[in-house]
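J.: Input structure: model.cif, which contains mmCIF, C-alpha atoms.
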data_work
#
loop_
_atom_site.group_PDB
_atom_site.id
_atom_site.type_symbol
_atom_site.label_atom_id
_atom_site.label_comp_id
_atom_site.auth_asym_id
_atom_site.auth_seq_id
_atom_site.Cartn_x
_atom_site.Cartn_y
_atom_site.Cartn_z
ATOM 1 C CA MET A 814 47.398 83.864 79.280
ATOM 2 C CA THR A 815 48.859 87.360 79.422
ATOM 3 C CA ARG A 816 52.401 88.135 78.328
ATOM 4 C CA GLU A 817 53.553 88.646 81.921
ATOM 5 C CA LYS A 818 52.094 85.314 83.025
ATOM 6 C CA SER A 819 53.685 83.593 80.031
ATOM 7 C CA ILE A 820 57.111 84.980 80.958
ATOM 8 C CA ILE A 821 56.734 83.875 84.581
ATOM 9 C CA PHE A 822 55.520 80.426 83.505
ATOM 10 C CA THR A 823 58.518 80.045 81.175
ATOM 11 C CA ALA A 824 60.881 81.151 83.937
ATOM 12 C CA ARG A 825 59.450 78.489 86.246
ATOM 13 C CA ILE A 826 59.867 75.792 83.603
ATOM 14 C CA VAL A 827 63.479 76.826 82.993
ATOM 15 C CA SER A 828 64.190 76.738 86.743
ATOM 16 C CA MET A 829 62.614 73.291 87.058
ATOM 17 C CA ILE A 830 64.505 71.813 84.097
ATOM 18 C CA PHE A 831 67.918 73.192 85.053
ATOM 19 C CA THR A 832 67.928 72.182 88.704
ATOM 20 C CA PRO A 833 71.074 72.787 90.790
ATOM 21 C CA PHE A 834 71.739 69.042 90.846
ATOM 22 C CA TYR A 835 72.605 68.294 87.217
ATOM 23 C CA LEU A 836 76.304 69.326 87.329
ATOM 24 C CA PRO A 837 77.782 65.830 87.961
ATOM 25 C CA LEU A 838 75.605 64.126 85.343
ATOM 26 C CA VAL A 839 76.281 66.720 82.634
ATOM 27 C CA GLY A 840 79.997 66.629 83.435
ATOM 28 C CA LEU A 841 80.158 62.854 83.115
ATOM 29 C CA VAL A 842 78.105 62.813 79.916
ATOM 30 C CA ALA A 843 80.518 65.317 78.376
ATOM 31 C CA LEU A 844 83.468 63.263 79.592
ATOM 32 C CA PHE A 845 82.068 59.995 78.260
ATOM 33 C CA PHE A 846 81.123 61.305 74.828
ATOM 34 C CA LEU A 847 83.663 64.060 74.084
ATOM 35 C CA SER A 848 86.908 62.358 75.114
ATOM 36 C CA TYR A 849 88.607 59.021 74.532
ATOM 37 C CA LEU A 850 86.429 57.642 77.342
ATOM 38 C CA GLN A 851 83.806 57.036 74.680
ATOM 39 C CA LEU A 852 85.832 53.876 73.978
ATOM 40 C CA LEU A 853 84.691 52.448 77.315
ATOM 41 C CA PRO A 854 81.912 49.832 77.116
ATOM 42 C CA LEU A 855 78.507 51.493 76.900
ATOM 43 C CA SER A 856 77.201 49.286 79.725
ATOM 44 C CA TYR A 857 79.919 50.571 82.073
ATOM 45 C CA ARG A 858 79.266 54.196 81.158
ATOM 46 C CA LEU A 859 75.531 53.733 81.710
ATOM 47 C CA GLN A 860 76.175 52.075 85.078
ATOM 48 C CA VAL A 861 78.173 55.084 86.257
ATOM 49 C CA LEU A 862 75.623 57.560 84.886
ATOM 50 C CA ILE A 863 72.692 55.763 86.544
ATOM 51 C CA LEU A 864 74.516 55.688 89.893
ATOM 52 C CA VAL A 865 75.301 59.410 89.677
ATOM 53 C CA TYR A 866 71.793 60.280 88.480
ATOM 54 C CA PHE A 867 70.177 58.450 91.377
ATOM 55 C CA PHE A 868 72.269 59.999 94.150
ATOM 56 C CA THR A 869 72.793 63.504 92.780
ATOM 57 C CA ILE A 870 69.448 64.235 91.106
ATOM 58 C CA LEU A 871 66.644 61.748 91.817
ATOM 59 C CA LEU A 872 67.196 61.077 95.532
ATOM 60 C CA PRO A 873 67.927 64.647 96.727
ATOM 61 C CA THR A 874 65.055 66.021 94.623
ATOM 62 C CA TYR A 875 62.643 63.470 96.102
ATOM 63 C CA LEU A 876 63.811 63.988 99.699
ATOM 64 C CA ILE A 877 63.653 67.771 99.397
ATOM 65 C CA HIS A 878 60.143 67.449 97.927
ATOM 66 C CA LEU A 879 59.118 65.343 100.944
ATOM 67 C CA TYR A 880 60.604 67.919 103.300
ATOM 68 C CA ARG A 881 58.843 70.782 101.527
ATOM 69 C CA SER A 882 55.518 68.911 101.535
ATOM 70 C CA HIS A 883 55.889 68.087 105.237
ATOM 71 C CA GLN A 884 56.454 71.766 106.000
ATOM 72 C CA GLY A 885 53.556 72.803 103.771
ATOM 73 C CA TRP A 886 55.715 75.225 101.784
ATOM 74 C CA THR A 887 55.571 76.124 98.114
ATOM 75 C CA LEU A 888 58.746 76.154 96.002
ATOM 76 C CA ILE A 889 58.871 79.937 96.371
ATOM 77 C CA GLU A 890 58.558 79.692 100.166
ATOM 78 C CA LEU A 891 61.292 77.054 100.306
ATOM 79 C CA GLY A 892 63.547 79.518 98.479
ATOM 80 C CA HIS A 893 63.746 81.842 101.487
ATOM 81 C CA ARG A 894 67.356 81.969 102.680
ATOM 82 C CA GLU A 895 66.657 80.731 106.206
ATOM 83 C CA ARG A 896 64.759 77.682 104.860
ATOM 84 C CA ARG A 897 67.432 76.507 102.442
ATOM 85 C CA MET A 898 69.822 74.901 104.928
ATOM 86 C CA VAL A 899 67.987 71.566 105.272
ATOM 87 C CA PRO A 900 67.848 71.076 101.464
ATOM 88 C CA TYR A 901 71.569 71.867 101.364
ATOM 89 C CA VAL A 902 72.265 69.228 104.034
ATOM 90 C CA ILE A 903 70.133 66.656 102.188
ATOM 91 C CA SER A 904 71.958 67.214 98.904
ATOM 92 C CA ILE A 905 75.394 67.213 100.569
ATOM 93 C CA LEU A 906 74.694 63.869 102.274
ATOM 94 C CA CYS A 907 73.448 62.370 98.992
ATOM 95 C CA TYR A 908 76.594 63.544 97.190
ATOM 96 C CA ILE A 909 78.840 62.117 99.924
ATOM 97 C CA THR A 910 77.036 58.773 99.628
ATOM 98 C CA CYS A 911 77.529 58.808 95.857
ATOM 99 C CA ILE A 912 81.267 59.470 96.224
ATOM 100 C CA TRP A 913 81.574 56.681 98.797
ATOM 101 C CA LEU A 914 79.819 54.188 96.500
ATOM 102 C CA MET A 915 81.974 55.217 93.539
ATOM 103 C CA ASN A 916 85.089 54.591 95.621
ATOM 104 C CA LEU A 917 83.644 51.280 96.802
ATOM 105 C CA GLN A 918 83.182 50.206 93.178
ATOM 106 C CA HIS A 919 86.705 51.399 92.278
ATOM 107 C CA ILE A 920 85.427 53.876 89.712
ATOM 108 C CA PRO A 921 88.425 55.972 88.532
ATOM 109 C CA HIS A 922 89.058 59.036 90.659
ATOM 110 C CA PHE A 923 88.861 61.514 87.778
ATOM 111 C CA MET A 924 85.239 60.420 87.234
ATOM 112 C CA GLY A 925 84.446 60.815 90.915
ATOM 113 C CA SER A 926 86.188 64.191 90.900
ATOM 114 C CA ILE A 927 83.195 65.632 89.053
ATOM 115 C CA VAL A 928 80.905 64.633 91.922
ATOM 116 C CA ILE A 929 83.497 65.930 94.390
ATOM 117 C CA ALA A 930 83.540 69.268 92.562
ATOM 118 C CA ALA A 931 79.733 69.423 92.733
ATOM 119 C CA LEU A 932 79.930 68.616 96.442
ATOM 120 C CA VAL A 933 82.385 71.478 96.960
ATOM 121 C CA VAL A 934 79.962 73.810 95.165
ATOM 122 C CA GLN A 935 77.116 72.672 97.452
ATOM 123 C CA VAL A 936 79.181 73.061 100.639
ATOM 124 C CA VAL A 937 80.479 76.531 99.714
ATOM 125 C CA CYS A 938 76.989 77.699 98.734
ATOM 126 C CA ALA A 939 75.592 76.342 102.014
ATOM 127 C CA ILE A 940 78.209 78.279 103.997
ATOM 128 C CA ILE A 941 77.590 81.484 102.036
ATOM 129 C CA ASN A 942 73.827 81.009 102.515
ATOM 130 C CA VAL A 943 74.277 81.655 106.234
ATOM 131 C CA TRP A 944 74.907 85.320 105.389
ATOM 132 C CA TRP A 945 73.839 85.776 101.770
ATOM 133 C CA LYS A 946 71.360 84.045 99.466
ATOM 134 C CA ILE A 947 73.546 82.798 96.625
ATOM 135 C CA SER A 948 72.022 81.276 93.471
ATOM 136 C CA THR A 949 72.674 77.523 93.456
ATOM 137 C CA HIS A 950 71.092 77.286 90.012
ATOM 138 C CA THR A 951 73.765 79.469 88.430
ATOM 139 C CA ALA A 952 76.430 77.970 90.716
ATOM 140 C CA ALA A 953 75.648 74.596 89.150
ATOM 141 C CA ILE A 954 75.963 75.832 85.581
ATOM 142 C CA GLY A 955 79.103 77.720 86.585
ATOM 143 C CA GLY A 956 80.382 74.372 87.812
ATOM 144 C CA VAL A 957 79.686 72.888 84.377
ATOM 145 C CA ALA A 958 81.762 75.665 82.803
ATOM 146 C CA GLY A 959 84.616 74.972 85.221
ATOM 147 C CA ALA A 960 84.504 71.236 84.556
ATOM 148 C CA LEU A 961 84.547 71.832 80.782
ATOM 149 C CA PHE A 962 87.594 74.077 81.160
ATOM 150 C CA VAL A 963 89.568 71.508 83.156
ATOM 151 C CA PHE A 964 88.651 68.406 81.170
ATOM 152 C CA ALA A 965 89.233 70.153 77.838
ATOM 153 C CA GLU A 966 92.827 70.616 78.997
ATOM 154 C CA TYR A 967 93.109 67.086 80.384
ATOM 155 C CA PHE A 968 91.609 65.236 77.434
ATOM 156 C CA GLY A 969 92.387 67.570 74.561
ATOM 157 C CA PHE A 970 88.975 68.349 73.085
ATOM 158 C CA ASN A 971 87.754 71.713 71.798
ATOM 159 C CA PRO A 972 85.198 73.125 74.279
ATOM 160 C CA VAL A 973 84.377 76.379 72.435
ATOM 161 C CA TRP A 974 80.896 75.438 71.232
ATOM 162 C CA TRP A 975 80.104 73.845 74.586
ATOM 163 C CA PHE A 976 81.213 77.023 76.339
ATOM 164 C CA CYS A 977 78.926 79.056 74.079
ATOM 165 C CA LEU A 978 76.005 76.790 74.989
ATOM 166 C CA VAL A 979 76.811 76.939 78.706
ATOM 167 C CA PHE A 980 77.027 80.749 78.747
ATOM 168 C CA ILE A 981 73.755 81.089 76.842
ATOM 169 C CA LEU A 982 72.032 78.708 79.257
ATOM 170 C CA ALA A 983 73.564 80.563 82.208
ATOM 171 C CA GLY A 984 72.112 83.820 80.908
ATOM 172 C CA VAL A 985 68.675 82.284 80.380
ATOM 173 C CA LEU A 986 68.716 80.587 83.773
ATOM 174 C CA GLY A 987 69.959 83.662 85.615
ATOM 175 C CA SER A 988 67.272 85.757 83.957
ATOM 176 C CA ALA A 989 64.633 83.203 84.972
ATOM 177 C CA ARG A 990 65.724 83.323 88.608
ATOM 178 C CA MET A 991 65.533 87.128 88.607
ATOM 179 C CA ILE A 992 62.155 87.144 86.860
ATOM 180 C CA LEU A 993 60.852 84.880 89.621
ATOM 181 C CA ARG A 994 62.354 87.330 92.139
ATOM 182 C CA GLN A 995 64.368 84.570 93.753
ATOM 183 C CA HIS A 996 67.700 86.321 93.250
ATOM 184 C CA THR A 997 69.298 89.633 92.420
ATOM 185 C CA LEU A 998 71.786 90.132 89.580
ATOM 186 C CA GLY A 999 74.648 90.023 92.084
ATOM 187 C CA GLN A 1000 73.464 86.699 93.527
ATOM 188 C CA VAL A 1001 73.115 85.207 90.055
ATOM 189 C CA VAL A 1002 76.543 86.356 88.825
ATOM 190 C CA GLY A 1003 78.152 85.503 92.165
ATOM 191 C CA GLY A 1004 76.701 82.012 92.021
ATOM 192 C CA PHE A 1005 78.112 81.405 88.538
ATOM 193 C CA LEU A 1006 81.600 82.619 89.448
ATOM 194 C CA ILE A 1007 81.675 80.670 92.719
ATOM 195 C CA GLY A 1008 80.442 77.521 90.983
ATOM 196 C CA MET A 1009 83.074 77.809 88.280
ATOM 197 C CA ALA A 1010 85.909 78.428 90.758
ATOM 198 C CA CYS A 1011 84.822 75.589 93.076
ATOM 199 C CA SER A 1012 84.545 73.190 90.146
ATOM 200 C CA VAL A 1013 88.037 73.961 88.877
ATOM 201 C CA VAL A 1014 89.552 73.654 92.361
ATOM 202 C CA GLY A 1015 87.577 70.507 93.195
ATOM 203 C CA ILE A 1016 88.569 68.656 90.038
ATOM 204 C CA ILE A 1017 92.245 69.669 90.019
ATOM 205 C CA TYR A 1018 93.108 69.429 93.702
ATOM 206 C CA LEU A 1019 90.629 67.005 95.340
#
Show me the file's structure as structure tokens.
T.:
Amino acid sequence: MTREKSIIFTARIVSMIFTPFYLPLVGLVALFFLSYLQLLPLSYRLQVLILVYFFTILLPTYLIHLYRSHQGWTLIELGHRERRMVPYVISILCYITCIWLMNLQHIPHFMGSIVIAALVVQVVCAIINVWWKISTHTAAIGGVAGALFVFAEYFGFNPVWWFCLVFILAGVLGSARMILRQHTLGQVVGGFLIGMACSVVGIIYL
């Protein structure tokens, strides 16, 4: 394998691992293990995490895969701006269902606010996608940064090392998306900033 092919292969792996759907799960994991919420029963925390994982990662990923297979498109072809709206709609509906079920089970609002923030990120990115191809990958990790900022203030933990990790991952992920020629630098940076802003607004005000 040549050096160029190795770089492209690595970029694809990075893009696959850090999908745009992991924001709610990462946010809840941080909340459950970095704040006083770690005192909650492990079984309850796992129940919430499994529910969020199913509706924000597993189900939308599977449905989008079915849609892509039905259309006969590759992942690169699905990335074209005009073909991204259906995946956006699928993920938005899955997130809405997750929020509804969390409310039905009387899960505290501040836990559901993470999913709401991720939903806001998805909706804003979908609207922007009508005119401009924004990076949902970096929007998601920007959302993680925003959630860390808010919950560090709410629950009084030091987020510095987590911020360092998030910014490093954002740089790696943004570079991977540009290497794969899926986004420009502006789309990558714009996605991160929009994700961070939407996350902060979604958690504080919704």
J.: Run the PyMOL selection byres ((chain A and resi 984-998) around 12) mentally over the shown coordinates, then write out the matched residues as a ChimeraX atom specification, using the chain letters and numbers from the document.
T.: /A:817-833,888-894,945-955,977-983,999-1005
J.: Atoms to include: C-alpha atoms. Write the selected residues as an mmCIF file, keeping the file's coordinate frame.
T.:
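This went into out_21.cif:
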data_model
loop_
_atom_site.group_PDB
_atom_site.id
_atom_site.type_symbol
_atom_site.label_atom_id
_atom_site.label_comp_id
_atom_site.auth_asym_id
_atom_site.auth_seq_id
_atom_site.Cartn_x
_atom_site.Cartn_y
_atom_site.Cartn_z
ATOM 1 C CA GLU A 817 53.553 88.646 81.921
ATOM 2 C CA LYS A 818 52.094 85.314 83.025
ATOM 3 C CA SER A 819 53.685 83.593 80.031
ATOM 4 C CA ILE A 820 57.111 84.980 80.958
ATOM 5 C CA ILE A 821 56.734 83.875 84.581
ATOM 6 C CA PHE A 822 55.520 80.426 83.505
ATOM 7 C CA THR A 823 58.518 80.045 81.175
ATOM 8 C CA ALA A 824 60.881 81.151 83.937
ATOM 9 C CA ARG A 825 59.450 78.489 86.246
ATOM 10 C CA ILE A 826 59.867 75.792 83.603
ATOM 11 C CA VAL A 827 63.479 76.826 82.993
ATOM 12 C CA SER A 828 64.190 76.738 86.743
ATOM 13 C CA MET A 829 62.614 73.291 87.058
ATOM 14 C CA ILE A 830 64.505 71.813 84.097
ATOM 15 C CA PHE A 831 67.918 73.192 85.053
ATOM 16 C CA THR A 832 67.928 72.182 88.704
ATOM 17 C CA PRO A 833 71.074 72.787 90.790
ATOM 18 C CA LEU A 888 58.746 76.154 96.002
ATOM 19 C CA ILE A 889 58.871 79.937 96.371
ATOM 20 C CA GLU A 890 58.558 79.692 100.166
ATOM 21 C CA LEU A 891 61.292 77.054 100.306
ATOM 22 C CA GLY A 892 63.547 79.518 98.479
ATOM 23 C CA HIS A 893 63.746 81.842 101.487
ATOM 24 C CA ARG A 894 67.356 81.969 102.680
ATOM 25 C CA TRP A 945 73.839 85.776 101.770
ATOM 26 C CA LYS A 946 71.360 84.045 99.466
ATOM 27 C CA ILE A 947 73.546 82.798 96.625
ATOM 28 C CA SER A 948 72.022 81.276 93.471
ATOM 29 C CA THR A 949 72.674 77.523 93.456
ATOM 30 C CA HIS A 950 71.092 77.286 90.012
ATOM 31 C CA THR A 951 73.765 79.469 88.430
ATOM 32 C CA ALA A 952 76.430 77.970 90.716
ATOM 33 C CA ALA A 953 75.648 74.596 89.150
ATOM 34 C CA ILE A 954 75.963 75.832 85.581
ATOM 35 C CA GLY A 955 79.103 77.720 86.585
ATOM 36 C CA CYS A 977 78.926 79.056 74.079
ATOM 37 C CA LEU A 978 76.005 76.790 74.989
ATOM 38 C CA VAL A 979 76.811 76.939 78.706
ATOM 39 C CA PHE A 980 77.027 80.749 78.747
ATOM 40 C CA ILE A 981 73.755 81.089 76.842
ATOM 41 C CA LEU A 982 72.032 78.708 79.257
ATOM 42 C CA ALA A 983 73.564 80.563 82.208
ATOM 43 C CA GLY A 999 74.648 90.023 92.084
ATOM 44 C CA GLN A 1000 73.464 86.699 93.527
ATOM 45 C CA VAL A 1001 73.115 85.207 90.055
ATOM 46 C CA VAL A 1002 76.543 86.356 88.825
ATOM 47 C CA GLY A 1003 78.152 85.503 92.165
ATOM 48 C CA GLY A 1004 76.701 82.012 92.021
ATOM 49 C CA PHE A 1005 78.112 81.405 88.538
#
J.: Which of these residues is nearest to A:Phe962, using all atoms listed in the file: A:Gly840, A:Gly885, A:Pro921, A:Pro854?
T.: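 Under the stated criterion, the closest residue is A:Gly840.
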J.: Which residue gives the smallest distance to A:Ile941 among A:Gly925, A:Ser856, A:Met898, A:Ile870, with all atoms listed in the file counted?
T.: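 The shortest atom-to-atom distance to A:Ile941 comes from A:Met898.
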J.: Excluding stretch 841-847 of chain A and its own-chain neighbours fewer than 4 positions away, which residues fall within 8 Å of it when counting all atoms listed in the file? Please give them as a list in words.
T.: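 Selected residues are Pro837, Gln851, Arg858, Leu862, Met924, Ile927, Phe964 and Phe970 of chain A.
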J.: Using the chain letters and numbers from this file, what does the PyMOL selection byres ((chain A and resi 929-931) around 8) select? Give the answer as JSON, numbers by chain.
T.: {"A": [836, 837, 908, 912, 925, 926, 927, 928, 932, 933, 934, 935, 953, 956, 1011, 1012, 1013, 1014, 1015, 1016, 1019]}
J.: Would you output that residue set with C-alpha atoms, as a PDB file, in the frame of the given file?
T.:
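Result written to selection_26.pdb:
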ATOM      1  CA  LEU A 836      76.304  69.326  87.329  1.00  0.00           C
ATOM      2  CA  PRO A 837      77.782  65.830  87.961  1.00  0.00           C
ATOM      3  CA  TYR A 908      76.594  63.544  97.190  1.00  0.00           C
ATOM      4  CA  ILE A 912      81.267  59.470  96.224  1.00  0.00           C
ATOM      5  CA  GLY A 925      84.446  60.815  90.915  1.00  0.00           C
ATOM      6  CA  SER A 926      86.188  64.191  90.900  1.00  0.00           C
ATOM      7  CA  ILE A 927      83.195  65.632  89.053  1.00  0.00           C
ATOM      8  CA  VAL A 928      80.905  64.633  91.922  1.00  0.00           C
ATOM      9  CA  LEU A 932      79.930  68.616  96.442  1.00  0.00           C
ATOM     10  CA  VAL A 933      82.385  71.478  96.960  1.00  0.00           C
ATOM     11  CA  VAL A 934      79.962  73.810  95.165  1.00  0.00           C
ATOM     12  CA  GLN A 935      77.116  72.672  97.452  1.00  0.00           C
ATOM     13  CA  ALA A 953      75.648  74.596  89.150  1.00  0.00           C
ATOM     14  CA  GLY A 956      80.382  74.372  87.812  1.00  0.00           C
ATOM     15  CA  CYS A1011      84.822  75.589  93.076  1.00  0.00           C
ATOM     16  CA  SER A1012      84.545  73.190  90.146  1.00  0.00           C
ATOM     17  CA  VAL A1013      88.037  73.961  88.877  1.00  0.00           C
ATOM     18  CA  VAL A1014      89.552  73.654  92.361  1.00  0.00           C
ATOM     19  CA  GLY A1015      87.577  70.507  93.195  1.00  0.00           C
ATOM     20  CA  ILE A1016      88.569  68.656  90.038  1.00  0.00           C
ATOM     21  CA  LEU A1019      90.629  67.005  95.340  1.00  0.00           C
TER      22      LEU A1019
END
J.: For the atom pair atom CA of A:Arg897 and atom CA of A:Leu914, what is the interatomic distance in Å to one decimal place?
T.: 26.2 Å
J.: Please determine an axis-aligned box that encloses all atoms of stretch 1006-1009 of chain A listed in the file, with 6 Å added on each side, and express its centre and edge lengths in Å to one decimal as JSON.
T.:
{"center_x": 81.8, "center_y": 80.1, "center_z": 90.5, "size_x": 14.6, "size_y": 17.1, "size_z": 16.4}
J.: Just to confirm, what's the straight-line distance from atom CA of A:Ala958 to atom CA of A:Val902 in Å (one decimal)?
T.: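 These atoms are spaced 24.1 Å apart.
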J.: Counting all atoms listed in the file, figure out which residue out of A:Leu879, A:Trp886, A:Asn971, A:Ile1007 gets nearest to A:Val936.
T.: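 The closest residue to A:Val936 is A:Ile1007.
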J.: Closest to A:Gly1008 among A:Ile909, A:Cys938, A:Ile877, A:Val943, using all atoms listed in the file?
T.: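 Between A:Ile909, A:Cys938, A:Ile877, A:Val943, the residue approaching A:Gly1008 most closely is A:Cys938.
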J.: What is the atom CA of A:Phe968 to atom CA of A:Leu852 distance in Å?
T.: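 It comes out at 13.2 Å.
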J.: Identify which of the residues A:Val937, A:Leu906, A:Val957, A:Met1009 lies closest to A:Tyr835, counting only C-alpha atoms when measuring atom-to-atom distances.
T.: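 For A:Tyr835, the nearest of the given residues is A:Val957.
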J.: Would you mind completing stretch 903-925 of chain A so that it carries N, CA, C and O atoms, and writing it out as an mmCIF file, keeping the file's coordinate frame?
T.:
data_model
loop_
_atom_site.group_PDB
_atom_site.id
_atom_site.type_symbol
_atom_site.label_atom_id
_atom_site.label_comp_id
_atom_site.auth_asym_id
_atom_site.auth_seq_id
_atom_site.Cartn_x
_atom_site.Cartn_y
_atom_site.Cartn_z
ATOM 1 N N ILE A 903 70.616 67.857 102.887
ATOM 2 C CA ILE A 903 70.133 66.656 102.188
ATOM 3 C C ILE A 903 70.983 66.390 100.947
ATOM 4 O O ILE A 903 71.450 65.266 100.722
ATOM 5 N N SER A 904 71.188 67.409 100.137
ATOM 6 C CA SER A 904 71.958 67.214 98.904
ATOM 7 C C SER A 904 73.417 66.870 99.204
ATOM 8 O O SER A 904 73.999 66.000 98.535
ATOM 9 N N ILE A 905 74.000 67.501 100.211
ATOM 10 C CA ILE A 905 75.394 67.213 100.569
ATOM 11 C C ILE A 905 75.553 65.762 101.007
ATOM 12 O O ILE A 905 76.491 65.063 100.592
ATOM 13 N N LEU A 906 74.629 65.262 101.819
ATOM 14 C CA LEU A 906 74.694 63.869 102.274
ATOM 15 C C LEU A 906 74.526 62.900 101.106
ATOM 16 O O LEU A 906 75.194 61.856 101.054
ATOM 17 N N CYS A 907 73.638 63.227 100.172
ATOM 18 C CA CYS A 907 73.448 62.370 98.992
ATOM 19 C C CYS A 907 74.715 62.339 98.145
ATOM 20 O O CYS A 907 75.116 61.276 97.647
ATOM 21 N N TYR A 908 75.369 63.485 97.985
ATOM 22 C CA TYR A 908 76.594 63.544 97.190
ATOM 23 C C TYR A 908 77.718 62.757 97.864
ATOM 24 O O TYR A 908 78.494 62.064 97.196
ATOM 25 N N ILE A 909 77.818 62.873 99.184
ATOM 26 C CA ILE A 909 78.840 62.117 99.924
ATOM 27 C C ILE A 909 78.613 60.621 99.753
ATOM 28 O O ILE A 909 79.561 59.841 99.565
ATOM 29 N N THR A 910 77.361 60.189 99.824
ATOM 30 C CA THR A 910 77.036 58.773 99.628
ATOM 31 C C THR A 910 77.432 58.307 98.236
ATOM 32 O O THR A 910 77.985 57.217 98.049
ATOM 33 N N CYS A 911 77.170 59.141 97.233
ATOM 34 C CA CYS A 911 77.529 58.808 95.857
ATOM 35 C C CYS A 911 79.049 58.636 95.715
ATOM 36 O O CYS A 911 79.520 57.673 95.099
ATOM 37 N N ILE A 912 79.808 59.552 96.293
ATOM 38 C CA ILE A 912 81.267 59.470 96.224
ATOM 39 C C ILE A 912 81.767 58.209 96.913
ATOM 40 O O ILE A 912 82.655 57.505 96.409
ATOM 41 N N TRP A 913 81.179 57.885 98.059
ATOM 42 C CA TRP A 913 81.574 56.681 98.797
ATOM 43 C C TRP A 913 81.308 55.419 97.971
ATOM 44 O O TRP A 913 82.157 54.518 97.906
ATOM 45 N N LEU A 914 80.151 55.352 97.322
ATOM 46 C CA LEU A 914 79.819 54.188 96.500
ATOM 47 C C LEU A 914 80.719 54.092 95.270
ATOM 48 O O LEU A 914 81.106 52.990 94.853
ATOM 49 N N MET A 915 81.067 55.229 94.688
ATOM 50 C CA MET A 915 81.974 55.217 93.539
ATOM 51 C C MET A 915 83.354 54.707 93.940
ATOM 52 O O MET A 915 83.988 53.942 93.203
ATOM 53 N N ASN A 916 83.813 55.112 95.117
ATOM 54 C CA ASN A 916 85.089 54.591 95.621
ATOM 55 C C ASN A 916 84.996 53.103 95.923
ATOM 56 O O ASN A 916 85.934 52.343 95.660
ATOM 57 N N LEU A 917 83.858 52.693 96.463
ATOM 58 C CA LEU A 917 83.644 51.280 96.802
ATOM 59 C C LEU A 917 83.687 50.413 95.558
ATOM 60 O O LEU A 917 84.166 49.271 95.596
ATOM 61 N N GLN A 918 83.202 50.948 94.441
ATOM 62 C CA GLN A 918 83.182 50.206 93.178
ATOM 63 C C GLN A 918 84.446 50.444 92.343
ATOM 64 O O GLN A 918 84.521 50.009 91.201
ATOM 65 N N HIS A 919 85.413 51.136 92.923
ATOM 66 C CA HIS A 919 86.705 51.399 92.278
ATOM 67 C C HIS A 919 86.549 52.124 90.942
ATOM 68 O O HIS A 919 87.291 51.860 89.989
ATOM 69 N N ILE A 920 85.581 53.021 90.890
ATOM 70 C CA ILE A 920 85.427 53.876 89.712
ATOM 71 C C ILE A 920 86.576 54.883 89.717
ATOM 72 O O ILE A 920 86.889 55.463 90.762
ATOM 73 N N PRO A 921 87.247 55.078 88.575
ATOM 74 C CA PRO A 921 88.425 55.972 88.532
ATOM 75 C C PRO A 921 88.172 57.322 89.185
ATOM 76 O O PRO A 921 87.090 57.900 89.047
ATOM 77 N N HIS A 922 89.204 57.820 89.862
ATOM 78 C CA HIS A 922 89.058 59.036 90.659
ATOM 79 C C HIS A 922 88.652 60.238 89.817
ATOM 80 O O HIS A 922 87.874 61.085 90.275
ATOM 81 N N PHE A 923 89.175 60.328 88.570
ATOM 82 C CA PHE A 923 88.861 61.514 87.778
ATOM 83 C C PHE A 923 87.381 61.566 87.403
ATOM 84 O O PHE A 923 86.859 62.627 87.104
ATOM 85 N N MET A 924 86.687 60.407 87.433
ATOM 86 C CA MET A 924 85.239 60.420 87.234
ATOM 87 C C MET A 924 84.550 60.917 88.509
ATOM 88 O O MET A 924 83.648 61.746 88.468
ATOM 89 N N GLY A 925 85.010 60.385 89.633
ATOM 90 C CA GLY A 925 84.446 60.815 90.915
ATOM 91 C C GLY A 925 84.744 62.264 91.234
ATOM 92 O O GLY A 925 84.006 62.904 91.988
#
